[in-house]
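Just target_28.txt here, compact mmCIF, C-alpha atoms:
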# COMPACT_ATOMS: atom_id res chain seq x y z
CA MET T 1 -11.50 2.57 13.29
CA SER T 2 -11.91 3.87 16.83
CA ASN T 3 -11.50 7.57 17.45
CA THR T 4 -8.33 6.97 19.49
CA GLN T 5 -6.76 4.90 16.71
CA HIS T 6 -7.66 7.52 14.15
CA VAL T 7 -6.16 10.32 16.26
CA ASN T 8 -2.98 8.29 16.78
CA TYR T 9 -2.57 7.64 13.06
CA MET T 10 -3.09 11.33 12.29
CA ARG T 11 -0.35 12.15 14.81
CA ILE T 12 1.99 9.69 13.12
CA ALA T 13 1.13 11.13 9.70
CA ASN T 14 1.75 14.69 10.91
CA ALA T 15 5.08 13.62 12.42
CA ILE T 16 6.11 11.94 9.15
CA GLU T 17 5.16 15.05 7.20
CA TYR T 18 7.31 17.12 9.56
CA LEU T 19 10.23 14.68 9.20
CA LYS T 20 9.97 14.78 5.42
CA SER T 21 10.10 18.57 5.42
CA ASN T 22 12.82 18.98 8.03
CA PHE T 23 15.06 15.92 7.88
CA LYS T 24 18.04 17.99 6.73
CA GLU T 25 17.97 19.85 10.06
CA GLN T 26 17.90 16.54 11.94
CA PRO T 27 15.20 17.69 14.40
CA SER T 28 15.38 16.46 17.97
CA LEU T 29 12.81 14.15 19.52
CA THR T 30 11.43 17.09 21.49
CA GLU T 31 10.99 19.17 18.34
CA ILE T 32 9.13 16.39 16.56
CA ALA T 33 6.96 15.64 19.59
CA ASN T 34 6.00 19.31 19.88
CA THR T 35 4.51 19.26 16.39
CA VAL T 36 1.92 16.67 17.49
CA ASN T 37 1.39 18.12 21.00
CA LEU T 38 2.88 15.20 22.89
CA SER T 39 5.68 14.89 25.41
CA PRO T 40 8.89 13.36 24.03
CA TYR T 41 8.30 10.24 26.14
CA HIS T 42 4.74 9.64 24.95
CA PHE T 43 5.58 10.44 21.35
CA GLN T 44 8.56 8.06 21.33
CA ARG T 45 6.37 5.28 22.73
CA LEU T 46 3.51 5.96 20.30
CA PHE T 47 5.78 6.12 17.27
CA THR T 48 7.79 3.03 18.18
CA ASN T 49 4.63 1.01 18.84
CA TRP T 50 3.35 1.96 15.39
CA ALA T 51 6.53 1.72 13.31
CA GLY T 52 8.58 -0.78 15.28
CA VAL T 53 11.56 1.58 15.25
CA SER T 54 12.41 4.96 16.72
CA PRO T 55 11.54 8.20 14.92
CA LYS T 56 15.25 8.72 14.25
CA LYS T 57 15.60 5.33 12.56
CA PHE T 58 12.40 5.88 10.61
CA MET T 59 13.78 9.19 9.33
CA GLN T 60 16.66 7.24 7.78
CA TYR T 61 14.18 5.11 5.81
CA LEU T 62 12.65 8.27 4.34
CA SER T 63 15.96 9.67 3.09
CA ILE T 64 16.80 9.83 -0.59
CA GLU T 65 20.18 8.23 0.14
CA TYR T 66 18.48 5.17 1.62
CA ALA T 67 16.12 4.93 -1.36
CA LYS T 68 19.03 5.17 -3.80
CA GLN T 69 20.83 2.39 -1.96
CA LEU T 70 17.79 0.13 -2.27
CA LEU T 71 17.43 0.96 -5.95
CA LYS T 72 21.09 0.18 -6.58
CA GLU T 73 20.73 -3.18 -4.87
CA GLN T 74 17.55 -3.82 -6.83
CA GLN T 75 19.45 -3.51 -10.09
CA ALA T 76 21.92 -6.13 -8.89
CA THR T 77 19.23 -8.59 -7.78
CA LEU T 78 16.03 -8.33 -9.78
CA PHE T 79 12.87 -8.69 -7.74
CA GLU T 80 11.81 -11.38 -10.21
CA THR T 81 14.72 -13.48 -8.99
CA ALA T 82 13.77 -13.01 -5.35
CA TYR T 83 10.19 -13.89 -6.18
CA GLU T 84 10.95 -16.98 -8.20
CA THR T 85 13.56 -18.41 -5.83
CA GLY T 86 11.59 -17.80 -2.64
CA LEU T 87 14.26 -15.60 -1.06
CA SER T 88 11.64 -13.36 0.44
CA GLY T 89 11.43 -14.84 3.92
CA THR T 90 8.19 -15.55 5.78
CA GLY T 91 7.11 -11.97 6.36
CA ARG T 92 6.79 -10.69 2.79
CA LEU T 93 3.72 -9.92 0.77
CA HIS T 94 4.63 -11.98 -2.26
CA ASP T 95 5.03 -15.13 -0.13
CA LEU T 96 1.26 -15.24 -0.35
CA PHE T 97 -0.50 -16.69 -3.31
CA ILE T 98 -2.43 -13.79 -4.79
CA ASN T 99 -4.57 -14.69 -7.75
CA ILE T 100 -5.74 -11.99 -10.17
CA GLU T 101 -8.72 -12.71 -12.36
CA GLY T 102 -9.71 -10.14 -14.94
CA MET T 103 -13.37 -9.28 -15.31
CA THR T 104 -15.07 -10.45 -18.46
CA PRO T 105 -16.83 -7.95 -20.74
CA GLY T 106 -20.12 -9.42 -19.54
CA GLU T 107 -19.29 -8.79 -15.90
CA PHE T 108 -18.41 -5.18 -16.58
CA LYS T 109 -21.14 -4.59 -19.17
CA ASN T 110 -23.42 -1.59 -18.58
CA GLY T 111 -21.63 -0.37 -15.49
CA GLY T 112 -21.42 -3.75 -13.81
CA GLU T 113 -25.15 -4.43 -13.83
CA ASN T 114 -24.48 -8.16 -13.48
CA LEU T 115 -22.26 -7.71 -10.44
CA SER T 116 -23.23 -8.09 -6.80
CA ILE T 117 -20.69 -6.21 -4.69
CA ASN T 118 -20.16 -6.49 -0.96
CA PHE T 119 -18.34 -3.65 0.78
CA SER T 120 -17.23 -2.80 4.28
CA PHE T 121 -15.12 -0.33 6.21
CA SER T 122 -12.05 -1.26 8.21
CA GLU T 123 -8.90 0.10 9.78
CA SER T 124 -5.24 -0.22 8.90
CA PRO T 125 -1.95 1.13 10.25
CA PHE T 126 -2.26 3.83 7.57
CA GLY T 127 -5.81 5.03 8.09
CA LYS T 128 -9.36 4.05 7.23
CA ILE T 129 -10.03 1.59 4.43
CA ILE T 130 -12.98 0.65 2.26
CA ILE T 131 -12.86 -2.79 0.70
CA ALA T 132 -15.25 -4.27 -1.85
CA SER T 133 -15.61 -7.75 -3.32
CA THR T 134 -17.55 -9.85 -5.77
CA SER T 135 -18.08 -13.59 -5.43
CA LYS T 136 -14.75 -14.05 -7.25
CA GLY T 137 -12.54 -11.77 -5.14
CA ILE T 138 -11.59 -8.25 -4.12
CA CYS T 139 -12.46 -5.66 -6.74
CA HIS T 140 -11.58 -2.47 -4.83
CA MET T 141 -9.61 -1.39 -1.77
CA SER T 142 -8.63 2.16 -0.94
CA PHE T 143 -7.84 4.53 1.88
CA PHE T 144 -10.37 7.25 2.62
CA ASN T 145 -11.26 10.18 4.86
CA LYS T 146 -15.02 10.44 4.26
CA LYS T 147 -17.32 7.43 3.91
CA THR T 148 -19.44 9.08 1.25
CA ASP T 149 -16.39 9.73 -0.93
CA ALA T 150 -15.23 6.15 -0.37
CA ILE T 151 -18.54 4.65 -1.48
CA ASN T 152 -18.71 6.96 -4.49
CA SER T 153 -15.23 5.83 -5.57
CA ILE T 154 -16.66 2.32 -6.10
CA LYS T 155 -19.98 3.36 -7.59
CA ILE T 156 -18.25 5.49 -10.22
CA LYS T 157 -16.62 2.31 -11.51
CA PHE T 158 -19.68 0.08 -11.15
CA PRO T 159 -22.73 2.41 -11.14
CA ASN T 160 -25.28 -0.30 -11.89
CA ALA T 161 -24.02 -3.05 -9.58
CA LYS T 162 -26.03 -4.28 -6.60
CA TYR T 163 -24.37 -3.22 -3.32
CA HIS T 164 -24.48 -4.83 0.13
CA GLU T 165 -22.62 -3.58 3.22
CA ILE T 166 -21.26 -6.95 4.31
CA THR T 167 -17.84 -8.25 5.36
CA ASP T 168 -17.32 -11.54 3.54
CA LEU T 169 -14.56 -14.17 3.58
CA ASN T 170 -12.70 -12.66 0.63
CA GLN T 171 -12.49 -9.37 2.48
CA GLN T 172 -11.37 -11.02 5.73
CA LYS T 173 -8.50 -12.78 3.96
CA ALA T 174 -7.41 -9.57 2.25
CA LEU T 175 -7.58 -7.44 5.39
CA SER T 176 -5.37 -9.88 7.29
CA ILE T 177 -2.52 -8.60 5.09
CA PHE T 178 -1.94 -5.88 7.68
CA GLU T 179 -1.07 -8.41 10.38
CA ASN T 180 2.58 -8.97 11.27
CA ASP T 181 2.44 -12.73 10.70
CA TRP T 182 1.02 -13.75 7.32
CA ASN T 183 1.85 -17.44 7.51
CA GLN T 184 -1.75 -18.52 8.09
CA ILE T 185 -3.29 -16.46 5.31
CA ASN T 186 -4.91 -18.49 2.57
CA GLU T 187 -5.01 -17.48 -1.05
CA ILE T 188 -6.14 -13.90 -1.63
CA LYS T 189 -8.26 -13.52 -4.74
CA LEU T 190 -8.58 -10.31 -6.73
CA HIS T 191 -11.30 -9.73 -9.33
CA LEU T 192 -10.20 -6.74 -11.36
CA ASN T 193 -11.36 -4.68 -14.27
CA GLY T 194 -8.40 -3.68 -16.39
CA THR T 195 -6.79 -3.97 -19.78
CA PRO T 196 -4.40 -6.90 -20.35
CA PHE T 197 -1.50 -4.41 -20.09
CA GLN T 198 -2.74 -2.99 -16.79
CA ILE T 199 -3.24 -6.42 -15.28
CA LYS T 200 0.24 -7.42 -16.41
CA ILE T 201 1.69 -4.38 -14.62
CA TRP T 202 -0.30 -5.10 -11.46
CA GLU T 203 0.93 -8.71 -11.48
CA THR T 204 4.50 -7.41 -11.84
CA LEU T 205 4.06 -5.13 -8.84
CA LEU T 206 3.17 -8.18 -6.72
CA LYS T 207 6.68 -9.52 -7.32
CA ILE T 208 8.44 -6.59 -5.61
CA PRO T 209 9.63 -7.87 -2.22
CA THR T 210 8.32 -6.12 0.87
CA GLY T 211 10.72 -3.44 2.04
CA ASN T 212 12.21 -3.05 -1.44
CA LEU T 213 11.72 -0.28 -3.97
CA THR T 214 11.87 -0.07 -7.74
CA THR T 215 11.29 2.49 -10.50
CA TYR T 216 8.92 2.91 -13.42
CA GLY T 217 11.79 2.25 -15.79
CA ALA T 218 12.70 -0.98 -14.01
CA ILE T 219 9.11 -2.19 -14.27
CA ALA T 220 9.15 -1.39 -18.00
CA ASN T 221 12.36 -3.42 -18.37
CA GLN T 222 10.80 -6.23 -16.37
CA ILE T 223 8.01 -6.61 -18.94
CA ASN T 224 10.57 -6.37 -21.78
CA ASN T 225 9.28 -3.01 -22.96
CA PRO T 226 11.90 -0.46 -21.82
CA LYS T 227 10.23 2.41 -23.71
CA ALA T 228 6.95 1.98 -21.86
CA SER T 229 7.80 3.88 -18.67
CA ARG T 230 5.02 6.42 -19.20
CA ALA T 231 2.44 3.72 -19.91
CA VAL T 232 3.68 1.82 -16.85
CA GLY T 233 3.15 4.92 -14.73
CA THR T 234 -0.39 5.33 -16.05
CA ALA T 235 -1.24 1.70 -15.27
CA ILE T 236 0.23 1.99 -11.78
CA GLY T 237 -1.82 5.14 -11.20
CA LYS T 238 -4.99 3.15 -11.93
CA ASN T 239 -4.24 0.41 -9.41
CA PRO T 240 -7.61 -0.37 -7.76
CA ILE T 241 -6.23 -2.32 -4.78
CA ALA T 242 -4.28 -0.26 -2.25
CA PHE T 243 -1.36 -1.88 -0.40
CA ILE T 244 -2.01 -5.47 -1.57
CA ILE T 245 -0.95 -4.51 -5.09
CA PRO T 246 2.07 -2.53 -3.87
CA CYS T 247 2.24 0.49 -6.17
CA HIS T 248 3.72 2.32 -3.16
CA ARG T 249 7.00 0.48 -3.80
CA VAL T 250 7.55 2.26 -7.12
CA ILE T 251 9.44 5.55 -6.79
CA GLN T 252 11.35 7.94 -9.02
CA ALA T 253 14.82 6.97 -10.27
CA THR T 254 16.24 9.96 -8.35
CA GLY T 255 15.21 8.40 -5.04
CA ASN T 256 12.31 10.80 -4.50
CA ILE T 257 9.14 9.17 -3.20
CA GLY T 258 7.00 10.48 -6.04
CA GLU T 259 3.24 10.71 -6.24
CA TYR T 260 0.67 8.34 -4.74
CA MET T 261 -3.06 8.12 -5.30
CA TRP T 262 -3.71 8.18 -1.56
CA GLY T 263 -1.18 10.88 -0.64
CA THR T 264 2.61 11.09 -0.51
CA THR T 265 2.63 11.18 3.30
CA ARG T 266 0.79 7.87 3.42
CA LYS T 267 3.18 6.45 0.81
CA SER T 268 6.13 7.48 2.98
CA ALA T 269 4.45 5.93 6.01
CA ILE T 270 4.00 2.60 4.22
CA ILE T 271 7.53 2.55 2.81
CA GLY T 272 9.06 3.29 6.22
CA TRP T 273 6.77 0.82 8.00
CA GLU T 274 7.76 -1.97 5.61
CA ALA T 275 11.45 -1.09 5.83
CA ALA T 276 11.24 -1.27 9.62
CA ARG T 277 9.76 -4.77 9.46
CA LEU T 278 12.38 -5.86 6.94
CA SER T 279 15.18 -4.67 9.22
CA ARG T 280 13.79 -6.74 12.08
As structure tokens - that is how I would like this structure written.
Amino acid sequence: MSNTQHVNYMRIANAIEYLKSNFKEQPSLTEIANTVNLSPYHFQRLFTNWAGVSPKKFMQYLSIEYAKQLLKEQQATLFETAYETGLSGTGRLHDLFINIEGMTPGEFKNGGENLSINFSFSESPFGKIIIASTSKGICHMSFFNKKTDAINSIKIKFPNAKYHEITDLNQQKALSIFENDWNQINEIKLHLNGTPFQIKIWETLLKIPTGNLTTYGAIANQINNPKASRAVGTAIGKNPIAFIIPCHRVIQATGNIGEYMWGTTRKSAIIGWEAARLSR
């Protein structure tokens, strides 16, 4: 990510953090722009270029009332129905064919000593990304601030794997998920280490339409295990593939955003960004 792009994203993130903390006061454009040291004109242009909507409209997408409305609608039309009937439209994540393959015990044996892992660094609308892949698909994707921490996050999982800093075809297909038009994306393959229950939850997350939200309880109901909300939350918290497996679309039943492995501000940014694209 270039320095300018990084600075711009940090400005957006700081503005979102300010909006989250002060939305009840309905701050003016000038007040928001002052928090990121920009003129109202330049801030409006920067924010609209990034989000596709004005800061004022984006603030609506971050409100609890808006989240509750989405959750209410979600109960009326299960995301499974939207997924199965193809009602998602052309600009939704689950229009893509995303294939999850679980790692075998042999592949994960002794810290992944039989695995050869390629990794590379990239940019996204929500900050810097590290992405890693085996010959079978993406095994890790996460946001990061420091490269050393990002690399360590993979090596903790696969300490004995062989690593190569290379951008391969699997990574290129996965990274194109951040483009506005996904029609030309071929199948994205994921090669994941997880229990059968975790993989089932991650597959269920893929069926949540872009721009929609659901709750831990709804996911538990979706897998016909309504008492498993806590276990669902644990599995979601161990999601190894940021954004593509959309754990950011799961919020609290109250409408609060809730926690996120890569920060609640980033979660808010993604939710608002997707809502803006849905509205268009």
One decimal, Å: what's the distance from CA of Asn193 in chain T over to CA of Thr104 in chain T, could you say? 8.0 Å
Select all residues near (-9.1, -6.2, -13.6) (cut-off 7 Å, inclusive, file coordinates), counting only C-alpha atoms, and output them as an mmCIF file with C-alpha atoms, in the coordinates of the input.
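Result saved to out_22.cif:
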data_model
loop_
_atom_site.group_PDB
_atom_site.id
_atom_site.type_symbol
_atom_site.label_atom_id
_atom_site.label_comp_id
_atom_site.auth_asym_id
_atom_site.auth_seq_id
_atom_site.Cartn_x
_atom_site.Cartn_y
_atom_site.Cartn_z
ATOM 1 C CA GLU T 101 -8.720 -12.710 -12.360
ATOM 2 C CA GLY T 102 -9.710 -10.140 -14.940
ATOM 3 C CA MET T 103 -13.370 -9.280 -15.310
ATOM 4 C CA HIS T 191 -11.300 -9.730 -9.330
ATOM 5 C CA LEU T 192 -10.200 -6.740 -11.360
ATOM 6 C CA ASN T 193 -11.360 -4.680 -14.270
ATOM 7 C CA GLY T 194 -8.400 -3.680 -16.390
ATOM 8 C CA THR T 195 -6.790 -3.970 -19.780
ATOM 9 C CA ILE T 199 -3.240 -6.420 -15.280
#
What are the closest atom pairs, with distances in Å to one decimal, for each residue of range 28-71 of chain T lying within 10 Å of range 205-213 of chain T, using only C-alpha atoms, rows by chain and rising residue number, as a tab-separated table?
residue	atom	partner	partner_atom	distance
T:Tyr61	CA	T:Gly211	CA	10.0
T:Ala67	CA	T:Leu213	CA	7.3
T:Lys68	CA	T:Leu213	CA	9.1
T:Gln69	CA	T:Leu213	CA	9.7
T:Leu70	CA	T:Leu213	CA	6.3
T:Leu71	CA	T:Leu213	CA	6.2
CA of Leu190 in chain T to CA of Gly112 in chain T, straight-line distance in Å: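 If I compute the distance from CA of Gly112 in chain T to CA of Leu190 in chain T, I get 16.1 Å.
Taking CA of Ala242 in chain T as the reference point, CA of Met141 in chain T is found at 5.5 Å.
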When distances are computed from only C-alpha atoms, which of T:Glu165, T:Ala150, T:Phe126, T:Lys109 shows the smallest separation from Ala51 in chain T?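 Using only C-alpha atoms, Ala51 in chain T sits closest to T:Phe126.
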Contacts of Thr134 in chain T at 12 Å or less, counting all atoms listed in the file, minus same-chain residues fewer than 2 places along, as a ChimeraX atom specification? /T:101,103,107-108,112,114-119,131-132,136-140,158,161-164,166-171,189-193
Return the single residue from T:Lys238, T:Phe143, T:Lys72, T:Val232 that is closest to Thr214 in chain T, with distances computed using all atoms listed in the file.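 With all atoms listed in the file as the atom set, the closest residue is T:Lys72.
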Please identify all polymer residues within 8 Å of Gly127 in chain T, counting only C-alpha atoms, omitting same-chain residues fewer than 5 positions from it, and present them as a list in words. His6, Tyr9, Phe143 and Phe144 of chain T
Compare T:Pro125, T:Pro105, T:Pro196, T:Gly255 by their minimum atom-to-atom distance to Glu65 in chain T, counting all atoms listed in the file, and give me the closest one. T:Gly255
Which residues of range 17-55 of chain T come within 12 Å of range 259-268 of chain T, and what is each one's closest atom pair and distance in Å (one decimal), counting all atoms listed in the file, sorted by chain and residue number, as CSV?
residue,atom,partner,partner_atom,distance
T:Glu17,CA,T:Thr265,CA,6.0
T:Tyr18,CA,T:Thr265,CA,9.8
T:Leu19,CA,T:Thr265,CA,10.2
T:Lys20,CA,T:Thr265,CA,8.4
T:Ser21,CA,T:Thr265,CA,10.7
T:Ala51,CA,T:Ser268,CA,11.8
Please write the residues from the selection above to a file, keeping C-alpha atoms, as a compact mmCIF listing (two decimals), in the frame of the given file.
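Generated output (part.txt):
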# COMPACT_ATOMS: atom_id res chain seq x y z
CA GLU T 17 5.16 15.05 7.20
CA TYR T 18 7.31 17.12 9.56
CA LEU T 19 10.23 14.68 9.20
CA LYS T 20 9.97 14.78 5.42
CA SER T 21 10.10 18.57 5.42
CA ALA T 51 6.53 1.72 13.31
Arg230 in chain T environment, 9 Å, all atoms listed in the file, sequence neighbours closer than 2 positions dropped, as a tab-separated table (two decimals) with C-alpha atoms, in the frame of the given file:
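Contents of the output file out_25.tsv:
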chain	number	residue	atom	x	y	z
T	216	TYR	CA	8.92	2.91	-13.42
T	217	GLY	CA	11.79	2.25	-15.79
T	220	ALA	CA	9.15	-1.39	-18.00
T	227	LYS	CA	10.23	2.41	-23.71
T	228	ALA	CA	6.95	1.98	-21.86
T	232	VAL	CA	3.68	1.82	-16.85
T	233	GLY	CA	3.15	4.92	-14.73
T	234	THR	CA	-0.39	5.33	-16.05
T	235	ALA	CA	-1.24	1.70	-15.27
Of T:Val7, T:Ser176, T:Glu113, T:Lys200, the one nearest to Asn224 in chain T when counting all atoms listed in the file is T:Lys200
For Arg249 in chain T, which of T:Trp273, T:Phe47, T:Phe58, T:Phe197 is the closest residue, counting all atoms listed in the file? T:Trp273
Since the input has fewer atoms than a full residue there, write range 33-51 of chain T out with N, CA, C and O atoms, as a PDB file, keeping the file's coordinate frame.
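Output contents, as saved in selection_21.pdb:
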ATOM      1  N   ALA T  33       8.084  15.861  18.687  1.00  0.00           N
ATOM      2  CA  ALA T  33       6.960  15.640  19.590  1.00  0.00           C
ATOM      3  C   ALA T  33       6.107  16.893  19.740  1.00  0.00           C
ATOM      4  O   ALA T  33       4.876  16.817  19.829  1.00  0.00           O
ATOM      5  N   ASN T  34       6.744  18.050  19.743  1.00  0.00           N
ATOM      6  CA  ASN T  34       6.000  19.310  19.880  1.00  0.00           C
ATOM      7  C   ASN T  34       5.033  19.539  18.730  1.00  0.00           C
ATOM      8  O   ASN T  34       3.975  20.161  18.905  1.00  0.00           O
ATOM      9  N   THR T  35       5.381  19.028  17.545  1.00  0.00           N
ATOM     10  CA  THR T  35       4.510  19.260  16.390  1.00  0.00           C
ATOM     11  C   THR T  35       3.198  18.501  16.495  1.00  0.00           C
ATOM     12  O   THR T  35       2.222  18.837  15.801  1.00  0.00           O
ATOM     13  N   VAL T  36       3.150  17.452  17.321  1.00  0.00           N
ATOM     14  CA  VAL T  36       1.920  16.670  17.490  1.00  0.00           C
ATOM     15  C   VAL T  36       1.382  16.793  18.909  1.00  0.00           C
ATOM     16  O   VAL T  36       0.542  16.006  19.344  1.00  0.00           O
ATOM     17  N   ASN T  37       1.902  17.788  19.658  1.00  0.00           N
ATOM     18  CA  ASN T  37       1.390  18.120  21.000  1.00  0.00           C
ATOM     19  C   ASN T  37       1.474  16.954  21.976  1.00  0.00           C
ATOM     20  O   ASN T  37       0.542  16.669  22.736  1.00  0.00           O
ATOM     21  N   LEU T  38       2.628  16.269  21.939  1.00  0.00           N
ATOM     22  CA  LEU T  38       2.880  15.200  22.890  1.00  0.00           C
ATOM     23  C   LEU T  38       4.214  15.439  23.579  1.00  0.00           C
ATOM     24  O   LEU T  38       5.093  16.135  23.048  1.00  0.00           O
ATOM     25  N   SER T  39       4.374  14.851  24.763  1.00  0.00           N
ATOM     26  CA  SER T  39       5.680  14.890  25.410  1.00  0.00           C
ATOM     27  C   SER T  39       6.627  13.984  24.647  1.00  0.00           C
ATOM     28  O   SER T  39       6.188  13.049  23.963  1.00  0.00           O
ATOM     29  N   PRO T  40       7.944  14.235  24.738  1.00  0.00           N
ATOM     30  CA  PRO T  40       8.890  13.360  24.030  1.00  0.00           C
ATOM     31  C   PRO T  40       8.727  11.889  24.414  1.00  0.00           C
ATOM     32  O   PRO T  40       8.807  11.007  23.545  1.00  0.00           O
ATOM     33  N   TYR T  41       8.453  11.625  25.684  1.00  0.00           N
ATOM     34  CA  TYR T  41       8.300  10.240  26.140  1.00  0.00           C
ATOM     35  C   TYR T  41       7.098   9.566  25.477  1.00  0.00           C
ATOM     36  O   TYR T  41       7.203   8.460  24.937  1.00  0.00           O
ATOM     37  N   HIS T  42       5.955  10.233  25.516  1.00  0.00           N
ATOM     38  CA  HIS T  42       4.740   9.640  24.950  1.00  0.00           C
ATOM     39  C   HIS T  42       4.819   9.524  23.425  1.00  0.00           C
ATOM     40  O   HIS T  42       4.336   8.554  22.841  1.00  0.00           O
ATOM     41  N   PHE T  43       5.455  10.513  22.802  1.00  0.00           N
ATOM     42  CA  PHE T  43       5.580  10.440  21.350  1.00  0.00           C
ATOM     43  C   PHE T  43       6.496   9.290  20.945  1.00  0.00           C
ATOM     44  O   PHE T  43       6.194   8.535  20.015  1.00  0.00           O
ATOM     45  N   GLN T  44       7.628   9.146  21.636  1.00  0.00           N
ATOM     46  CA  GLN T  44       8.560   8.060  21.330  1.00  0.00           C
ATOM     47  C   GLN T  44       7.861   6.705  21.458  1.00  0.00           C
ATOM     48  O   GLN T  44       8.016   5.829  20.603  1.00  0.00           O
ATOM     49  N   ARG T  45       7.070   6.549  22.513  1.00  0.00           N
ATOM     50  CA  ARG T  45       6.370   5.280  22.730  1.00  0.00           C
ATOM     51  C   ARG T  45       5.316   5.044  21.654  1.00  0.00           C
ATOM     52  O   ARG T  45       5.211   3.933  21.104  1.00  0.00           O
ATOM     53  N   LEU T  46       4.536   6.086  21.332  1.00  0.00           N
ATOM     54  CA  LEU T  46       3.510   5.960  20.300  1.00  0.00           C
ATOM     55  C   LEU T  46       4.124   5.612  18.955  1.00  0.00           C
ATOM     56  O   LEU T  46       3.667   4.686  18.269  1.00  0.00           O
ATOM     57  N   PHE T  47       5.171   6.329  18.577  1.00  0.00           N
ATOM     58  CA  PHE T  47       5.780   6.120  17.270  1.00  0.00           C
ATOM     59  C   PHE T  47       6.419   4.741  17.171  1.00  0.00           C
ATOM     60  O   PHE T  47       6.261   4.043  16.162  1.00  0.00           O
ATOM     61  N   THR T  48       7.119   4.324  18.207  1.00  0.00           N
ATOM     62  CA  THR T  48       7.790   3.030  18.180  1.00  0.00           C
ATOM     63  C   THR T  48       6.791   1.889  18.158  1.00  0.00           C
ATOM     64  O   THR T  48       7.006   0.875  17.482  1.00  0.00           O
ATOM     65  N   ASN T  49       5.677   2.035  18.882  1.00  0.00           N
ATOM     66  CA  ASN T  49       4.630   1.010  18.840  1.00  0.00           C
ATOM     67  C   ASN T  49       4.060   0.873  17.435  1.00  0.00           C
ATOM     68  O   ASN T  49       3.742  -0.230  16.992  1.00  0.00           O
ATOM     69  N   TRP T  50       3.933   1.995  16.732  1.00  0.00           N
ATOM     70  CA  TRP T  50       3.350   1.960  15.390  1.00  0.00           C
ATOM     71  C   TRP T  50       4.350   1.464  14.353  1.00  0.00           C
ATOM     72  O   TRP T  50       4.030   0.594  13.542  1.00  0.00           O
ATOM     73  N   ALA T  51       5.557   2.002  14.361  1.00  0.00           N
ATOM     74  CA  ALA T  51       6.530   1.720  13.310  1.00  0.00           C
ATOM     75  C   ALA T  51       7.447   0.545  13.633  1.00  0.00           C
ATOM     76  O   ALA T  51       7.988  -0.091  12.724  1.00  0.00           O
TER      77      ALA T  51
END
